[in-house]
$ cat model.txt   # compact mmCIF, C-alpha atoms and all ligand atoms
# COMPACT_ATOMS: atom_id res chain seq x y z
CA MET X 1 0.00 0.00 0.00
CA SER X 2 1.44 3.31 -0.98
CA ARG X 3 1.70 6.02 1.59
CA LYS X 4 1.48 9.69 0.79
CA LYS X 5 2.77 12.56 2.81
CA THR X 6 0.08 14.98 3.85
CA PRO X 7 0.80 18.69 3.41
CA LYS X 8 1.22 19.99 6.93
CA SER X 9 0.07 23.53 6.70
CA LYS X 10 -3.33 25.04 6.31
CA GLY X 11 -4.16 25.70 2.69
CA ALA X 12 -4.32 29.10 1.14
CA SER X 13 -7.45 30.38 -0.50
CA ALA X 14 -8.58 28.54 -3.61
CA PRO X 15 -6.29 25.54 -3.32
CA ALA X 16 -5.19 23.75 -6.43
CA ALA X 17 -7.19 20.54 -6.50
CA SER X 18 -4.08 18.79 -7.74
CA ALA X 19 -2.77 19.03 -4.19
CA LEU X 20 -4.73 15.83 -3.75
CA PRO X 21 -3.24 13.17 -5.99
CA ALA X 22 -4.78 9.75 -6.12
CA ALA X 23 -3.39 7.39 -3.53
CA ASP X 24 -1.73 5.34 -6.24
CA GLY X 25 0.45 8.32 -6.98
CA SER X 26 -1.22 9.19 -10.25
CA ARG X 27 -2.16 12.75 -11.06
CA PRO X 28 -5.73 13.82 -11.69
CA ALA X 29 -7.14 13.29 -15.16
CA ARG X 30 -7.19 17.00 -15.92
CA PRO X 31 -4.63 19.51 -14.70
CA GLY X 32 -5.77 20.99 -11.43
CA ILE X 33 -8.83 18.79 -11.17
CA ALA X 34 -8.77 15.67 -9.02
CA ARG X 35 -11.49 13.35 -10.21
CA PRO X 36 -13.71 11.66 -7.68
CA GLY X 37 -14.07 7.93 -7.53
CA PRO X 38 -11.93 5.16 -6.16
CA GLN X 39 -8.51 6.41 -5.13
CA VAL X 40 -6.87 3.16 -4.19
CA ARG X 41 -4.27 1.05 -5.79
CA PRO X 42 -5.70 -1.08 -8.55
CA ASN X 43 -4.65 -4.24 -6.77
CA GLY X 44 -7.37 -3.86 -4.15
CA PRO X 45 -7.74 -3.06 -0.50
CA PRO X 46 -4.97 -3.41 2.05
CA GLN X 47 -4.43 -6.74 3.67
CA PRO X 48 -5.72 -7.02 7.22
CA GLY X 49 -3.08 -7.04 9.90
CA ARG X 50 -0.52 -4.99 8.00
CA PRO X 51 1.65 -2.76 10.22
CA SER X 52 0.27 0.67 10.81
CA LEU X 53 2.53 3.71 10.45
CA GLY X 54 2.90 6.02 13.39
CA GLY X 55 2.02 9.72 13.14
CA GLY X 56 -0.68 11.29 11.04
CA ASP X 57 1.26 12.33 7.99
CA PHE X 58 0.68 9.36 5.71
CA TYR X 59 -2.44 8.07 4.12
CA ASP X 60 -3.79 5.23 2.03
CA VAL X 61 -6.78 6.90 0.43
CA ALA X 62 -7.77 10.54 0.13
CA PHE X 63 -11.10 12.26 -0.36
CA LYS X 64 -12.46 15.76 -0.65
CA VAL X 65 -15.21 16.89 1.65
CA MET X 66 -16.95 20.25 1.29
CA LEU X 67 -18.77 22.21 3.95
CA VAL X 68 -21.70 24.18 2.57
CA GLY X 69 -24.60 26.19 3.94
CA ASP X 70 -25.61 29.76 4.68
CA SER X 71 -23.18 32.28 6.09
CA GLY X 72 -22.95 32.06 9.87
CA VAL X 73 -24.24 28.50 10.30
CA GLY X 74 -20.87 27.44 11.73
CA LYS X 75 -18.98 25.74 8.89
CA THR X 76 -15.61 27.20 9.82
CA CYS X 77 -16.18 26.50 13.51
CA LEU X 78 -17.15 22.92 12.76
CA LEU X 79 -13.95 22.41 10.80
CA VAL X 80 -11.78 24.04 13.47
CA ARG X 81 -13.46 21.91 16.14
CA PHE X 82 -12.78 18.77 14.14
CA LYS X 83 -9.23 19.67 13.15
CA ASP X 84 -7.98 21.39 16.30
CA GLY X 85 -10.52 20.45 18.98
CA ALA X 86 -11.15 24.13 19.70
CA PHE X 87 -14.06 26.53 19.40
CA LEU X 88 -13.76 29.90 17.71
CA ALA X 89 -15.77 32.04 20.09
CA GLY X 90 -16.13 35.79 19.79
CA THR X 91 -16.27 37.92 16.71
CA PHE X 92 -17.68 36.22 13.66
CA ILE X 93 -15.18 36.36 10.80
CA SER X 94 -16.91 35.35 7.62
CA THR X 95 -14.93 33.14 5.27
CA VAL X 96 -13.76 34.76 2.06
CA GLY X 97 -13.73 32.49 -0.98
CA ILE X 98 -12.68 28.98 -0.03
CA ASP X 99 -10.11 27.39 2.24
CA PHE X 100 -9.13 23.88 3.21
CA ARG X 101 -7.63 21.82 6.01
CA ASN X 102 -6.42 18.22 5.95
CA LYS X 103 -6.97 15.57 8.54
CA VAL X 104 -5.96 11.93 8.42
CA LEU X 105 -8.26 9.50 10.20
CA ASP X 106 -7.68 5.91 11.09
CA VAL X 107 -10.69 4.07 9.71
CA ASP X 108 -10.68 0.36 10.49
CA GLY X 109 -6.92 0.18 10.20
CA MET X 110 -6.65 2.31 7.09
CA LYS X 111 -5.36 5.89 6.92
CA VAL X 112 -8.03 8.01 5.30
CA LYS X 113 -7.12 11.57 4.48
CA LEU X 114 -9.93 14.07 4.31
CA GLN X 115 -9.21 17.31 2.55
CA ILE X 116 -11.96 19.47 3.94
CA TRP X 117 -12.95 22.54 2.02
CA ASP X 118 -14.54 25.31 3.98
CA THR X 119 -16.66 27.43 1.66
CA ALA X 120 -17.97 30.94 2.10
CA GLY X 121 -21.70 30.97 2.70
CA GLN X 122 -22.15 34.50 1.48
CA GLU X 123 -24.03 34.84 -1.78
CA ARG X 124 -21.28 36.91 -3.42
CA PHE X 125 -18.87 33.95 -3.29
CA ARG X 126 -21.32 31.44 -4.73
CA SER X 127 -19.67 31.26 -8.15
CA VAL X 128 -16.36 30.40 -6.48
CA THR X 129 -18.02 27.56 -4.58
CA HIS X 130 -19.73 26.22 -7.70
CA ALA X 131 -16.38 25.55 -9.30
CA TYR X 132 -15.39 23.19 -6.49
CA TYR X 133 -18.52 21.10 -6.20
CA ARG X 134 -17.78 18.60 -8.90
CA ASP X 135 -14.55 17.45 -7.27
CA ALA X 136 -16.14 16.84 -3.90
CA HIS X 137 -16.62 13.26 -2.80
CA ALA X 138 -18.79 14.30 0.12
CA LEU X 139 -20.75 17.34 1.22
CA LEU X 140 -21.73 18.36 4.71
CA LEU X 141 -24.73 20.66 4.37
CA LEU X 142 -25.27 22.78 7.47
CA TYR X 143 -28.04 24.91 8.84
CA ASP X 144 -28.18 26.73 12.16
CA VAL X 145 -30.92 25.54 14.53
CA THR X 146 -31.17 29.11 15.87
CA ASN X 147 -31.73 30.58 12.40
CA LYS X 148 -34.92 29.62 10.58
CA ALA X 149 -33.82 31.21 7.30
CA SER X 150 -30.76 28.97 7.18
CA PHE X 151 -33.06 25.96 7.51
CA ASP X 152 -35.49 27.25 4.89
CA ASN X 153 -32.58 27.72 2.50
CA ILE X 154 -31.61 24.04 2.65
CA GLN X 155 -33.85 23.26 -0.31
CA ALA X 156 -32.10 25.89 -2.40
CA TRP X 157 -28.75 24.42 -1.38
CA LEU X 158 -29.94 20.98 -2.42
CA THR X 159 -30.98 22.33 -5.82
CA GLU X 160 -27.53 23.83 -6.20
CA ILE X 161 -25.88 20.57 -5.13
CA GLN X 162 -27.96 18.68 -7.66
CA GLU X 163 -26.81 21.04 -10.35
CA TYR X 164 -23.11 21.23 -9.58
CA ALA X 165 -22.03 18.17 -7.57
CA GLN X 166 -21.42 14.61 -8.74
CA HIS X 167 -24.63 12.58 -8.76
CA ASP X 168 -23.17 10.02 -6.33
CA VAL X 169 -21.70 12.55 -3.89
CA VAL X 170 -22.07 11.52 -0.24
CA LEU X 171 -24.32 14.06 1.40
CA MET X 172 -25.19 14.63 5.05
CA LEU X 173 -27.44 17.24 6.64
CA LEU X 174 -26.30 18.83 9.91
CA GLY X 175 -28.27 21.10 12.22
CA ASN X 176 -25.57 23.04 14.07
CA LYS X 177 -25.50 25.15 17.28
CA VAL X 178 -27.68 22.82 19.35
CA ASP X 179 -25.88 24.04 22.45
CA SER X 180 -27.95 27.25 22.10
CA ALA X 181 -31.09 25.66 23.52
CA GLN X 182 -32.72 29.00 24.43
CA GLU X 183 -32.38 30.39 20.93
CA ARG X 184 -33.40 27.26 19.08
CA VAL X 185 -36.10 27.86 16.46
CA VAL X 186 -35.72 24.72 14.34
CA LYS X 187 -36.87 21.58 16.11
CA ARG X 188 -34.94 18.38 15.81
CA GLU X 189 -38.01 16.73 14.28
CA ASP X 190 -38.11 19.35 11.53
CA GLY X 191 -34.53 18.52 10.61
CA GLU X 192 -35.31 14.81 10.69
CA LYS X 193 -38.37 15.30 8.52
CA LEU X 194 -36.51 17.28 5.90
CA ALA X 195 -33.67 14.78 5.87
CA LYS X 196 -36.11 11.92 5.44
CA GLU X 197 -37.83 13.71 2.60
CA TYR X 198 -34.55 13.90 0.71
CA GLY X 199 -33.15 10.57 1.91
CA LEU X 200 -30.25 12.18 3.74
CA PRO X 201 -28.45 11.07 6.88
CA PHE X 202 -28.97 13.71 9.55
CA MET X 203 -27.47 14.78 12.84
CA GLU X 204 -27.56 17.75 15.12
CA THR X 205 -24.14 19.12 16.03
CA SER X 206 -22.43 21.75 18.10
CA ALA X 207 -19.09 23.17 17.11
CA LYS X 208 -19.07 24.79 20.54
CA THR X 209 -19.37 21.63 22.64
CA GLY X 210 -18.12 19.23 19.98
CA LEU X 211 -21.34 17.25 19.97
CA ASN X 212 -21.36 14.80 17.03
CA VAL X 213 -18.62 16.71 15.20
CA ASP X 214 -16.04 13.91 15.04
CA LEU X 215 -18.85 11.51 14.32
CA ALA X 216 -20.01 13.43 11.25
CA PHE X 217 -16.55 13.37 9.67
CA THR X 218 -15.83 9.81 10.74
CA ALA X 219 -19.11 8.63 9.23
CA ILE X 220 -18.24 10.32 5.95
CA ALA X 221 -14.74 8.82 6.00
CA LYS X 222 -16.12 5.35 6.64
CA GLU X 223 -18.61 5.63 3.81
CA LEU X 224 -16.03 6.91 1.32
CA LYS X 225 -13.46 4.36 2.36
CA GLN X 226 -15.94 1.53 1.94
CA ARG X 227 -17.06 2.74 -1.42
CA SER X 228 -13.54 2.62 -2.73
CA THR X 229 -11.98 -0.34 -0.98
CA ARG X 230 -14.67 -2.72 0.23
CA ALA X 231 -13.66 -6.35 -0.11
CA PRO X 232 -16.45 -8.62 -1.41
CA SER X 233 -16.56 -10.46 1.91
CA GLU X 234 -16.83 -7.24 3.93
CA PRO X 235 -20.33 -6.22 5.04
CA HIS X 236 -21.70 -2.96 3.62
CA PHE X 237 -21.29 0.14 5.75
CA ARG X 238 -24.68 1.76 6.25
CA LEU X 239 -24.23 5.48 6.75
CA HIS X 240 -27.83 6.19 7.77
CA ASP X 241 -27.85 3.45 10.37
CA TYR X 242 -24.44 4.44 11.67
CA VAL X 243 -25.29 8.08 12.36
CA LYS X 244 -28.65 7.10 13.82
CA ARG X 245 -27.02 4.62 16.14
CA GLU X 246 -23.97 6.68 17.12
CA GLY X 247 -25.44 10.20 17.13
CA ARG X 248 -26.03 11.75 20.52
CA GLY X 249 -28.86 14.02 21.54
CA ALA X 250 -28.35 17.72 22.22
CA SER X 251 -29.20 17.35 25.89
CA CYS X 252 -26.18 15.16 26.53
CA CYS X 253 -23.52 17.83 26.05
CA THR X 254 -24.87 21.26 26.78
CA PRO X 255 -22.42 23.17 28.93
N1 LIG S 1 -23.35 28.70 20.11
C1 LIG S 1 -22.71 28.30 19.00
N2 LIG S 1 -22.18 29.21 18.18
C2 LIG S 1 -21.55 28.76 17.08
C3 LIG S 1 -21.45 27.39 16.76
N3 LIG S 1 -20.78 27.27 15.59
C4 LIG S 1 -20.48 28.50 15.21
N4 LIG S 1 -20.94 29.41 16.09
C5 LIG S 1 -20.81 30.88 16.00
O1 LIG S 1 -21.48 31.29 14.82
C6 LIG S 1 -20.76 32.32 14.16
C7 LIG S 1 -20.49 31.92 12.73
O2 LIG S 1 -19.62 30.80 12.71
P1 LIG S 1 -18.72 30.45 11.43
O3 LIG S 1 -18.18 29.09 11.64
O4 LIG S 1 -17.74 31.51 11.18
O5 LIG S 1 -19.81 30.46 10.27
P2 LIG S 1 -19.62 30.08 8.73
O6 LIG S 1 -20.72 29.13 8.38
O7 LIG S 1 -18.25 29.61 8.50
O8 LIG S 1 -19.91 31.45 8.01
P3 LIG S 1 -19.33 31.93 6.58
O9 LIG S 1 -17.85 31.77 6.60
O10 LIG S 1 -19.75 33.38 6.43
O11 LIG S 1 -19.99 31.09 5.55
C8 LIG S 1 -19.51 32.58 15.00
O12 LIG S 1 -19.73 33.70 15.82
C9 LIG S 1 -19.36 31.33 15.85
O13 LIG S 1 -18.74 31.58 17.08
C10 LIG S 1 -22.03 26.45 17.66
O14 LIG S 1 -22.00 25.23 17.48
N5 LIG S 1 -22.66 26.96 18.77
MG MG S 2 -16.70 30.36 7.47
$ encode --input "model.txt" --output "structure tokens" --more "lines below"
Ligand SMILES: Nc1nc2c(ncn2[C@@H]2O[C@H](COP(=O)(O)OP(=O)(O)OP(=O)(O)O)[C@@H](O)[C@H]2O)c(=O)[nH]1
Ligand SMILES: [Mg+2]
Amino acid sequence: MSRKKTPKSKGASAPAASALPAADGSRPARPGIARPGPQVRPNGPPQPGRPSLGGGDFYDVAFKVMLVGDSGVGKTCLLVRFKDGAFLAGTFISTVGIDFRNKVLDVDGMKVKLQIWDTAGQERFRSVTHAYYRDAHALLLLYDVTNKASFDNIQAWLTEIQEYAQHDVVLMLLGNKVDSAQERVVKREDGEKLAKEYGLPFMETSAKTGLNVDLAFTAIAKELKQRSTRAPSEPHFRLHDYVKREGRGASCCTP
């Protein structure tokens, strides 16, 4: 199994997609565009029991995940919570354009690198975001449970996703900021209903407390890894069931 070195630093705005070569070392089909799809060596999945490398700098497979949703729903905070385990409290600094961070996860003994693209929710950056959709293997679509408009806009985001993303993109709906119980205006059931309507896995999260944040990314990593490397004898990973089973309720982690 080939191992790739992960770029250490945070990416600059508008990263070249070619920063993410396929795990077999090949370059993307078109310059600057990494194509989705299996990114494993053609000779199949790794053998069980192989030695694992220490540190987080190497990976077996790599995928692109995009965070989308209205401005202010907490995309950047969710990413910072996942990557650094911290919460960006205080002044809201809206993302300009697009940015990315890498994180390598150990998924069932395999190093899965997620290149997570944090998009700007503001309307004026929408055309920038559109250009990145088609290379995304997974999308985390966020709304803010304290902001009804962000929830109402989910349908418009889904229309956009349908237009610009790959048809088989892994998609998950997240209702963020559930720590703000007093300000909540979107009920959990409303999120569940919408998710069911569109056949999406759904969870409520809090970038502030960390509720379900690791779980959301881990679930995506598991799904993508299985899609690309599942051995015939391996049981299917069921994303919906996994998040339903592992997701925790808001009441568990409010400060
Ligand atoms: N209480 C609470 N506040 C949060 C949470 N996540 C984000 N926030 C706050 O919400 C504001 C917006 O968060 P961001 O992560 O910057 O929002 P964004 O979606 O990246 O916004 P854009 O970059 O403009 O698209 C900030 O003031 C955060 O501190 C959360 O889980 N709980
Ligand atoms: Mg942001």
$ residues_around --input "model.txt" --residues "Gln122 of chain X" --least-positions-apart "3" --cutoff "7 Å" --atoms "all atoms listed in the file" --output "list of chain:residue names"
X:Asp70, X:Ser71, X:Phe125, X:Arg126
$ write_last_selection --input "model.txt" --atoms "C-alpha atoms" --output "short mmCIF file (atom, residue, chain, number, x, y, z; two decimals), in the coordinates of the input"
data_model
loop_
_atom_site.label_atom_id
_atom_site.label_comp_id
_atom_site.auth_asym_id
_atom_site.auth_seq_id
_atom_site.Cartn_x
_atom_site.Cartn_y
_atom_site.Cartn_z
CA ASP X 70 -25.61 29.76 4.68
CA SER X 71 -23.18 32.28 6.09
CA PHE X 125 -18.87 33.95 -3.29
CA ARG X 126 -21.32 31.44 -4.73
#
$ atom_distance --input "model.txt" --atom1 "atom CA of Asp179 of chain X" --atom2 "atom CA of Gly69 of chain X"
18.7 Å
$ residues_around --input "model.txt" --residues "Arg188 of chain X" --least-positions-apart "6" --cutoff "9 Å" --atoms "only C-alpha atoms" --output "PDB file with C-alpha atoms, in the frame of the given file"
ATOM      1  CA  VAL X 145     -30.920  25.540  14.530  1.00  0.00           C
ATOM      2  CA  GLY X 175     -28.270  21.100  12.220  1.00  0.00           C
ATOM      3  CA  MET X 203     -27.470  14.780  12.840  1.00  0.00           C
ATOM      4  CA  GLU X 204     -27.560  17.750  15.120  1.00  0.00           C
TER       5      GLU X 204
END
$ closest_atom_pairs --input "model.txt" --of "chain X" --to "ligand MG 2 (chain S)" --cutoff "6 Å" --atoms "all atoms listed in the file" --output "CSV"
residue,atom,partner,partner_atom,distance
X:Lys75,CA,S:MG2,MG,5.3
X:Thr76,CA,S:MG2,MG,4.1
X:Ser94,CA,S:MG2,MG,5.0
X:Thr95,CA,S:MG2,MG,4.0
X:Ala120,CA,S:MG2,MG,5.5
$ residues_near_point --input "model.txt" --point "(-14.0, 34.0, -5.4)" --cutoff "9 Å" --atoms "all atoms listed in the file" --output "MDAnalysis selection string"
chainID X and resid 13:14 96:98 124:129
$ atom_distance --input "model.txt" --atom1 "atom CA of His167 of chain X" --atom2 "atom CA of Ala195 of chain X"
17.3 Å
$ closest_residue --input "model.txt" --among "X:Ser206, X:Ser228, X:Asn212, X:Thr146" --to "ligand LIG 1 (chain S)" --atoms "all atoms listed in the file"
X:Ser206
$ axis_aligned_box --input "model.txt" --around "ligand LIG 1 (chain S)" --padding-each-side "4 Å" --output "lines of an AutoDock Vina configuration file"
center_x = -20.5
center_y = 29.5
center_z = 12.8
size_x = 13.6
size_y = 16.5
size_z = 22.6
$ atom_distance --input "model.txt" --atom1 "atom CA of Asp84 of chain X" --atom2 "atom CA of Val178 of chain X"
20.0 Å
$ closest_residue --input "model.txt" --among "X:Lys187, X:Lys208, X:Arg101, X:Lys225" --to "ligand LIG 1 (chain S)" --atoms "all atoms listed in the file"
X:Lys208
